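File shown here: start.cif, holding mmCIF, C-alpha atoms.
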```cif
data_run
loop_
_atom_site.label_atom_id
_atom_site.label_comp_id
_atom_site.auth_asym_id
_atom_site.auth_seq_id
_atom_site.Cartn_x
_atom_site.Cartn_y
_atom_site.Cartn_z
CA MET A 1 -31.16 45.34 -45.05
CA SER A 2 -34.07 45.69 -42.71
CA ARG A 3 -37.57 46.99 -43.16
CA ALA A 4 -39.68 49.10 -40.91
CA LEU A 5 -41.07 47.02 -38.10
CA PRO A 6 -44.84 46.45 -38.20
CA LYS A 7 -46.66 47.64 -35.11
CA TYR A 8 -48.27 44.53 -33.68
CA ASN A 9 -49.80 43.91 -30.27
CA LYS A 10 -51.12 47.46 -30.02
CA ARG A 11 -54.70 47.82 -28.83
CA ARG A 12 -56.80 50.42 -27.07
CA VAL A 13 -59.31 49.65 -24.38
CA GLY A 14 -62.37 51.78 -23.70
CA LEU A 15 -62.44 52.45 -19.96
CA ALA A 16 -65.74 52.38 -18.01
CA GLY A 17 -67.38 55.61 -16.98
CA GLY A 18 -66.65 57.42 -20.22
CA ALA A 19 -62.92 57.91 -19.60
CA ALA A 20 -60.83 58.58 -22.67
CA ALA A 21 -59.22 55.58 -24.36
CA VAL A 22 -55.50 55.41 -23.79
CA ALA A 23 -52.90 53.62 -25.89
CA LEU A 24 -51.37 50.66 -24.12
CA THR A 25 -47.79 49.55 -24.60
CA GLY A 26 -48.90 45.93 -24.14
CA ALA A 27 -51.40 44.14 -26.32
CA VAL A 28 -54.85 44.45 -24.79
CA ILE A 29 -57.84 42.99 -26.51
CA ALA A 30 -61.31 42.96 -24.98
CA GLY A 31 -62.64 39.61 -23.83
CA THR A 32 -66.11 40.55 -25.07
CA ALA A 33 -65.75 43.15 -27.77
CA LEU A 34 -68.28 45.67 -28.96
CA ALA A 35 -70.34 44.50 -31.91
CA GLY A 36 -68.56 44.95 -35.21
CA GLU A 37 -65.02 45.20 -33.78
CA SER A 38 -62.34 43.36 -35.71
CA SER A 39 -59.66 41.52 -33.74
CA GLU A 40 -57.09 42.91 -36.17
CA GLY A 41 -58.39 46.48 -36.12
CA GLY A 42 -55.40 48.41 -34.85
CA GLY A 43 -57.39 51.56 -34.12
CA ALA A 44 -60.63 50.06 -32.84
CA ASP A 45 -61.88 50.71 -29.32
CA ALA A 46 -62.83 47.66 -27.27
CA ARG A 47 -64.19 46.97 -23.82
CA THR A 48 -65.54 44.17 -21.72
CA LEU A 49 -69.25 43.96 -21.17
CA ALA A 50 -69.62 42.05 -17.92
CA GLY A 51 -66.74 41.20 -15.82
CA PRO A 52 -64.35 38.55 -17.09
CA GLY A 53 -61.70 41.22 -17.75
CA THR A 54 -59.13 41.44 -20.51
CA VAL A 55 -55.69 39.98 -21.04
CA SER A 56 -52.76 42.40 -21.20
CA CYS A 57 -49.37 41.31 -22.53
CA PRO A 58 -46.03 43.09 -23.07
CA ASP A 59 -45.41 44.41 -26.57
CA VAL A 60 -42.86 42.22 -28.35
CA ALA A 61 -42.53 44.12 -31.62
CA SER A 62 -41.10 47.25 -29.99
CA GLN A 63 -38.41 45.21 -28.24
CA LEU A 64 -36.97 43.62 -31.38
CA PRO A 65 -33.72 44.72 -33.03
CA ALA A 66 -33.48 45.48 -36.73
CA ILE A 67 -34.98 42.52 -38.58
CA PRO A 68 -33.03 41.05 -41.52
CA ALA A 69 -35.01 41.03 -44.75
CA SER A 70 -34.70 37.24 -44.92
CA ALA A 71 -36.45 36.92 -41.54
CA GLN A 72 -39.12 39.59 -41.98
CA ALA A 73 -41.95 37.34 -43.21
CA GLU A 74 -41.43 34.76 -40.46
CA VAL A 75 -41.21 37.45 -37.79
CA ASP A 76 -44.39 39.08 -39.11
CA ARG A 77 -46.25 35.76 -39.00
CA ASN A 78 -45.25 35.15 -35.40
CA LEU A 79 -46.08 38.70 -34.31
CA ALA A 80 -49.54 38.19 -35.83
CA LEU A 81 -49.75 34.88 -33.98
CA LEU A 82 -49.07 36.68 -30.68
CA ASP A 83 -52.13 38.85 -31.39
CA GLN A 84 -54.20 35.79 -32.26
CA GLN A 85 -53.19 34.05 -29.03
CA ILE A 86 -54.42 37.01 -26.98
CA THR A 87 -57.69 37.10 -28.91
CA GLU A 88 -58.22 33.39 -28.19
CA ALA A 89 -57.35 33.83 -24.51
CA ASN A 90 -59.88 36.65 -24.17
CA LYS A 91 -62.54 34.51 -25.84
CA ARG A 92 -61.71 31.71 -23.41
CA LEU A 93 -62.14 34.12 -20.51
CA VAL A 94 -65.72 34.73 -21.62
CA ASP A 95 -66.52 31.12 -22.54
CA THR A 96 -65.33 29.69 -19.20
CA VAL A 97 -66.78 32.20 -16.74
CA GLY A 98 -67.60 30.36 -13.52
CA GLN A 99 -65.64 27.21 -14.32
CA GLY A 100 -63.02 25.66 -12.09
CA GLY A 101 -61.61 26.78 -8.76
CA PRO A 102 -59.95 30.02 -7.64
CA ASN A 103 -56.85 29.43 -9.79
CA PHE A 104 -58.71 28.41 -12.95
CA VAL A 105 -57.84 31.54 -14.94
CA GLN A 106 -54.16 31.24 -14.07
CA ASN A 107 -53.95 27.51 -14.73
CA ALA A 108 -56.23 27.23 -17.77
CA ILE A 109 -55.80 30.59 -19.53
CA LEU A 110 -52.88 32.80 -18.43
CA GLY A 111 -50.42 29.95 -17.90
CA PRO A 112 -51.10 28.29 -21.26
CA LEU A 113 -50.99 31.70 -22.97
CA GLU A 114 -47.56 32.36 -21.49
CA ASP A 115 -46.29 29.01 -22.72
CA LYS A 116 -47.58 29.70 -26.24
CA ARG A 117 -45.90 33.10 -26.18
CA VAL A 118 -42.58 31.59 -25.02
CA ALA A 119 -42.63 29.24 -28.02
CA THR A 120 -43.61 32.06 -30.39
CA VAL A 121 -40.99 34.58 -29.26
CA ASN A 122 -38.38 31.81 -29.44
CA ARG A 123 -39.32 31.29 -33.09
CA ILE A 124 -38.93 35.02 -33.66
CA ALA A 125 -35.50 35.00 -32.02
CA THR A 126 -34.46 31.96 -34.05
CA ALA A 127 -35.57 33.56 -37.33
CA ILE A 128 -33.55 36.71 -36.61
CA GLY A 129 -30.59 34.70 -35.32
CA ARG A 130 -30.10 32.85 -38.59
CA THR A 131 -28.53 35.91 -40.24
CA ALA A 132 -27.97 38.39 -37.38
CA ASP A 133 -27.36 38.41 -33.64
CA ARG A 134 -30.08 36.41 -31.90
CA PRO A 135 -32.05 38.73 -29.59
CA ALA A 136 -31.82 37.69 -25.94
CA GLY A 137 -34.38 37.97 -23.17
CA LEU A 138 -37.56 37.79 -25.23
CA ASP A 139 -38.88 35.12 -22.85
CA SER A 140 -39.27 37.88 -20.27
CA LEU A 141 -42.08 39.32 -22.44
CA ALA A 142 -44.13 36.11 -22.36
CA ALA A 143 -46.09 36.52 -19.12
CA CYS A 144 -49.45 38.28 -19.34
CA SER A 145 -51.86 39.61 -16.73
CA LEU A 146 -55.59 39.88 -16.27
CA ASP A 147 -56.99 43.40 -16.15
CA ALA A 148 -60.15 42.63 -14.19
CA GLN A 149 -63.12 44.85 -15.07
CA GLY A 150 -66.84 44.81 -14.48
CA ASP A 151 -68.46 42.15 -12.30
CA PRO A 152 -66.34 39.67 -10.36
CA ALA A 153 -67.70 36.86 -12.53
CA ALA A 154 -65.09 34.34 -11.39
CA PRO A 155 -64.01 35.06 -7.80
CA GLY A 156 -60.37 34.40 -7.02
CA GLN A 157 -59.02 34.93 -10.51
CA GLU A 158 -55.35 35.84 -10.45
CA GLU A 159 -54.48 39.33 -11.66
CA THR A 160 -50.89 38.70 -12.63
CA GLY A 161 -49.49 36.81 -15.61
CA GLY A 162 -48.35 33.20 -15.42
CA THR A 163 -45.21 33.29 -13.33
CA GLU A 164 -45.99 29.86 -11.95
CA THR A 165 -45.21 27.99 -15.16
CA SER A 166 -42.94 30.34 -17.00
CA ALA A 167 -40.15 28.52 -18.81
CA PRO A 168 -36.85 29.43 -17.19
CA PRO A 169 -33.94 30.74 -19.22
CA ALA A 170 -30.97 28.48 -19.75
CA GLY A 171 -29.12 28.21 -16.48
CA ASP A 172 -32.20 28.37 -14.25
CA ALA A 173 -33.84 25.06 -15.06
CA GLY A 174 -32.63 23.13 -12.08
CA GLY A 175 -29.18 21.66 -12.54
CA ASP A 176 -27.62 19.09 -14.85
CA ALA A 177 -29.49 15.83 -15.14
CA GLY A 178 -27.20 14.06 -17.61
CA ALA A 179 -27.87 13.78 -21.30
CA GLY A 180 -29.70 10.51 -20.86
CA GLY A 181 -32.22 12.02 -18.47
CA GLY A 182 -34.84 12.52 -21.14
CA ASP A 183 -38.52 12.22 -20.39
CA ALA A 184 -39.65 10.05 -17.54
CA GLY A 185 -42.73 9.30 -19.63
CA ALA A 186 -45.82 7.65 -18.24
CA GLY A 187 -46.57 7.33 -14.58
CA GLN A 188 -43.33 8.48 -13.01
CA ASP A 189 -45.26 9.40 -9.87
CA GLY A 190 -47.44 6.32 -9.90
CA ASP A 191 -51.24 6.41 -9.89
CA ALA A 192 -52.16 6.09 -6.25
CA SER A 193 -55.09 8.49 -6.73
CA GLY A 194 -56.74 6.55 -9.56
CA VAL A 195 -56.96 9.67 -11.74
CA GLY A 196 -54.48 8.34 -14.29
CA THR A 197 -50.96 9.35 -15.26
CA ILE A 198 -49.50 11.43 -18.05
CA SER A 199 -47.42 9.78 -20.76
CA CYS A 200 -45.14 11.82 -23.04
CA PRO A 201 -42.78 10.86 -25.88
CA ASP A 202 -39.15 10.50 -24.84
CA VAL A 203 -37.12 13.35 -26.27
CA ALA A 204 -33.56 12.34 -25.35
CA PRO A 205 -33.30 9.29 -27.71
CA GLN A 206 -34.48 11.44 -30.62
CA LEU A 207 -31.63 13.93 -30.33
CA PRO A 208 -28.57 13.89 -32.59
CA ALA A 209 -25.04 14.00 -31.24
CA ILE A 210 -24.92 16.93 -28.80
CA PRO A 211 -21.99 19.36 -29.13
CA ALA A 212 -20.00 19.72 -25.93
CA SER A 213 -20.80 23.43 -25.84
CA ALA A 214 -24.53 22.65 -25.76
CA GLN A 215 -24.47 19.70 -23.37
CA ALA A 216 -25.22 21.56 -20.14
CA GLU A 217 -28.11 23.52 -21.64
CA VAL A 218 -29.58 20.40 -23.23
CA ASP A 219 -29.30 18.55 -19.92
CA ARG A 220 -31.09 21.33 -18.06
CA ASN A 221 -33.96 21.29 -20.51
CA LEU A 222 -34.24 17.51 -20.50
CA ALA A 223 -34.50 17.73 -16.71
CA LEU A 224 -37.15 20.42 -17.13
CA LEU A 225 -39.22 18.09 -19.34
CA ASP A 226 -39.24 15.58 -16.47
CA GLN A 227 -40.22 18.30 -14.01
CA GLN A 228 -43.09 19.42 -16.22
CA ILE A 229 -44.54 15.90 -16.27
CA THR A 230 -44.20 15.61 -12.50
CA GLU A 231 -46.04 18.92 -12.02
CA ALA A 232 -48.77 17.92 -14.49
CA ASN A 233 -49.34 14.61 -12.67
CA LYS A 234 -49.58 16.50 -9.37
CA ARG A 235 -52.11 18.88 -10.92
CA LEU A 236 -54.18 15.87 -12.03
CA VAL A 237 -54.51 14.86 -8.39
CA ASP A 238 -55.02 18.37 -7.01
CA THR A 239 -57.82 19.26 -9.45
CA VAL A 240 -59.93 16.10 -9.35
CA GLY A 241 -63.57 17.06 -9.91
CA GLN A 242 -62.88 20.56 -11.19
CA GLY A 243 -64.23 21.98 -14.43
CA GLY A 244 -66.19 20.31 -17.19
CA PRO A 245 -65.49 17.26 -19.36
CA ASN A 246 -62.59 18.98 -21.17
CA PHE A 247 -60.89 20.31 -18.05
CA VAL A 248 -57.92 17.90 -18.16
CA GLN A 249 -57.24 18.71 -21.81
CA ASN A 250 -57.67 22.46 -21.43
CA ALA A 251 -56.02 22.98 -18.04
CA ILE A 252 -53.37 20.24 -17.91
CA LEU A 253 -52.53 18.44 -21.16
CA GLY A 254 -52.78 21.54 -23.37
CA PRO A 255 -50.59 23.71 -21.13
CA LEU A 256 -48.11 20.84 -20.75
CA GLU A 257 -47.79 20.54 -24.54
CA ASP A 258 -47.13 24.28 -24.82
CA LYS A 259 -44.41 24.07 -22.15
CA ARG A 260 -42.82 21.14 -23.95
CA VAL A 261 -42.85 22.97 -27.29
CA ALA A 262 -40.93 25.84 -25.70
CA THR A 263 -38.50 23.46 -23.98
CA VAL A 264 -37.69 21.31 -27.02
CA ASN A 265 -37.23 24.51 -29.03
CA ARG A 266 -34.60 25.61 -26.52
CA ILE A 267 -32.90 22.23 -26.91
CA ALA A 268 -32.93 22.56 -30.71
CA THR A 269 -31.58 26.10 -30.48
CA ALA A 270 -28.75 25.06 -28.14
CA ILE A 271 -27.65 22.31 -30.52
CA GLY A 272 -28.12 24.52 -33.57
CA ARG A 273 -25.60 27.10 -32.41
CA THR A 274 -22.68 24.85 -33.32
CA ALA A 275 -24.25 21.97 -35.29
CA ASP A 276 -27.23 21.24 -37.50
CA ARG A 277 -30.41 22.25 -35.69
CA PRO A 278 -32.56 19.13 -35.13
CA ALA A 279 -35.92 19.34 -36.89
CA GLY A 280 -39.27 17.96 -35.87
CA LEU A 281 -38.84 17.97 -32.09
CA ASP A 282 -42.20 19.77 -31.79
CA SER A 283 -43.84 16.49 -32.80
CA LEU A 284 -42.75 15.07 -29.42
CA ALA A 285 -44.56 17.74 -27.42
CA ALA A 286 -48.08 16.28 -27.16
CA CYS A 287 -48.83 14.00 -24.18
CA THR A 288 -51.70 11.71 -23.31
CA LEU A 289 -53.59 10.66 -20.18
CA THR A 290 -53.34 6.99 -19.35
CA LYS A 291 -56.04 5.72 -17.00
#
```

Can you dump the structure from the file as structure tokens?
Amino acid sequence: MSRALPKYNKRRVGLAGGAAAVALTGAVIAGTALAGESSEGGGADARTLAGPGTVSCPDVASQLPAIPASAQAEVDRNLALLDQQITEANKRLVDTVGQGGPNFVQNAILGPLEDKRVATVNRIATAIGRTADRPAGLDSLAACSLDAQGDPAAPGQEETGGTETSAPPAGDAGGDAGAGGGDAGAGQDGDASGVGTISCPDVAPQLPAIPASAQAEVDRNLALLDQQITEANKRLVDTVGQGGPNFVQNAILGPLEDKRVATVNRIATAIGRTADRPAGLDSLAACTLTK
């Protein structure tokens, strides 16, 4: 049995100049809301008050199949989490106005938001897939965009959602690396710049026996974990001196953890199709900066 699908990620935005509010198919929540607006108020009008813009994301709820009763509560929680993630991203837009370089919004807000959404929609798909056909293609709904409004408070902000760091579907992650590829861990690119290197827990040794049918997909995602560390170490060098004291955590380590959560979830899902799904891989997602 299935129940009626809750309508999440639906917001209205008040447009400047007195234009009528229109219903958006994506979730749009104002970065600086009018006084008294609730972030969960489905019918409330919202607008930005000075330029950082608002984040707009595709609506996930309307793209889901019938939800088994056994999965309804978990799906509802994750749909609510998608709303919360957008609310937090819009708050970050306001709190970080003027920080970083021209790609700050993409690297520190839209990219991390996309990674969080990839992990969340994968949990939704997994919950449904336990007792029904697992919905495919939800990752394509993860990328969000910036609807710039008001003053150009942060020149150079990207206006399209995070395509740069979007987690690829199985088959697009860059070839087979061998099951032992795992994480390269700390300092795979060296530390010639003196900015430090990123160290991450090794995922491969923590995996159970991998079914033959899952081997190629697991290998691709293990290779992707290595690639993510390489890219994060490059970003350390490229962004030296940018942002405030928490820039590395907010713009590099945090987004890297979100990417790794999505990637290890894909590994667990691949194994879980024909064997026991490994638990606790999310605990291997967080990385550290070694000086």

**Request:** Could you state which residues are captured by the PyMOL selection byres ((chain A and resi 270) around 12) in this file, as JSON, numbers by chain?
**Result:** {"A": [122, 126, 169, 170, 207, 210, 211, 212, 213, 214, 215, 216, 217, 218, 219, 220, 221, 263, 264, 265, 266, 267, 268, 269, 271, 272, 273, 274, 275, 276, 277, 278]}

**Item:** Nearest to A:Val195, chosen from A:Ala61, A:Leu225, A:Val240, A:Cys144, with all atoms listed in the file counted in the distances
**Value:** A:Val240

**Message:** Under the PyMOL selection byres ((chain A and resi 67) around 12), which residues of this model are included? Write them out as a ChimeraX atom specification.
**Reply:** /A:1-6,61-66,68-76,124-135

**Evaluate the PyMOL selection byres ((chain A and resi 290) around 7) and report residues as a ChimeraX atom specification** = /A:196-199,288-289,291

Selection above as a file: C-alpha atoms, as an mmCIF file, keeping the file's coordinate frame:
```
data_model
loop_
_atom_site.group_PDB
_atom_site.id
_atom_site.type_symbol
_atom_site.label_atom_id
_atom_site.label_comp_id
_atom_site.auth_asym_id
_atom_site.auth_seq_id
_atom_site.Cartn_x
_atom_site.Cartn_y
_atom_site.Cartn_z
ATOM 1 C CA GLY A 196 -54.480 8.340 -14.290
ATOM 2 C CA THR A 197 -50.960 9.350 -15.260
ATOM 3 C CA ILE A 198 -49.500 11.430 -18.050
ATOM 4 C CA SER A 199 -47.420 9.780 -20.760
ATOM 5 C CA THR A 288 -51.700 11.710 -23.310
ATOM 6 C CA LEU A 289 -53.590 10.660 -20.180
ATOM 7 C CA LYS A 291 -56.040 5.720 -17.000
#
```

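Across A:Ser145, A:Ser56, A:Thr96, A:Asn103, the tightest approach to A:Asp83 is made by A:Ser56 when counting only C-alpha atoms.
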
**Request:** Return the single residue from A:Ser283, A:Gln227, A:Asn90, A:Asn107 that is closest to A:Val248, with distances computed using only C-alpha atoms.
**Result:** A:Asn107

**Prompt:** A:Cys287: which residues within 9 Å, counting all atoms listed in the file, same-chain residues fewer than 3 positions away excluded, as a list in words?
**Reply:** Gly185, Ile198, Ser199, Cys200, Pro201, Leu253, Gly254, Leu256, Glu257 and Leu284 of chain A

**Asked** Can you list, as number ranges by chain, every protein, DNA or RNA residue that comes within 7 Å of stretch 136-142 of chain A when you count all atoms listed in the file, leaving out same-chain residues fewer than 5 positions away?
**Response** A: 58, 60, 114, 117-118, 121

**Asked** Separation of atom CA of A:Ala204 and atom CA of A:Leu222, in Å?
**Response**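 Separation of atom CA of A:Ala204 and atom CA of A:Leu222: 7.1 Å.
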
**Item:** Interatomic distance, atom CA of A:Val105 to atom CA of A:Val55 (Å, one decimal)
**Value:** 10.6 Å

Could you give me the axis-aligned bounding box of stretch 116-120 of chain A, with 6 Å of padding per side, as centre plus edge lengths in Å to one decimal, as lines of an AutoDock Vina configuration file?
```
center_x = -45.1
center_y = 31.2
center_z = -27.7
size_x = 17.0
size_y = 15.9
size_z = 17.4
```

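One distance worth recording is that between atom CA of A:Phe104 and atom CA of A:Leu79, which is 26.9 Å.
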
**Among the residues A:Leu236, A:Ile229, A:Pro52, A:Val203, the one that comes closest to A:Gln99 [using all atoms listed in the file]** =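 Under the stated criterion, the closest residue is A:Pro52.
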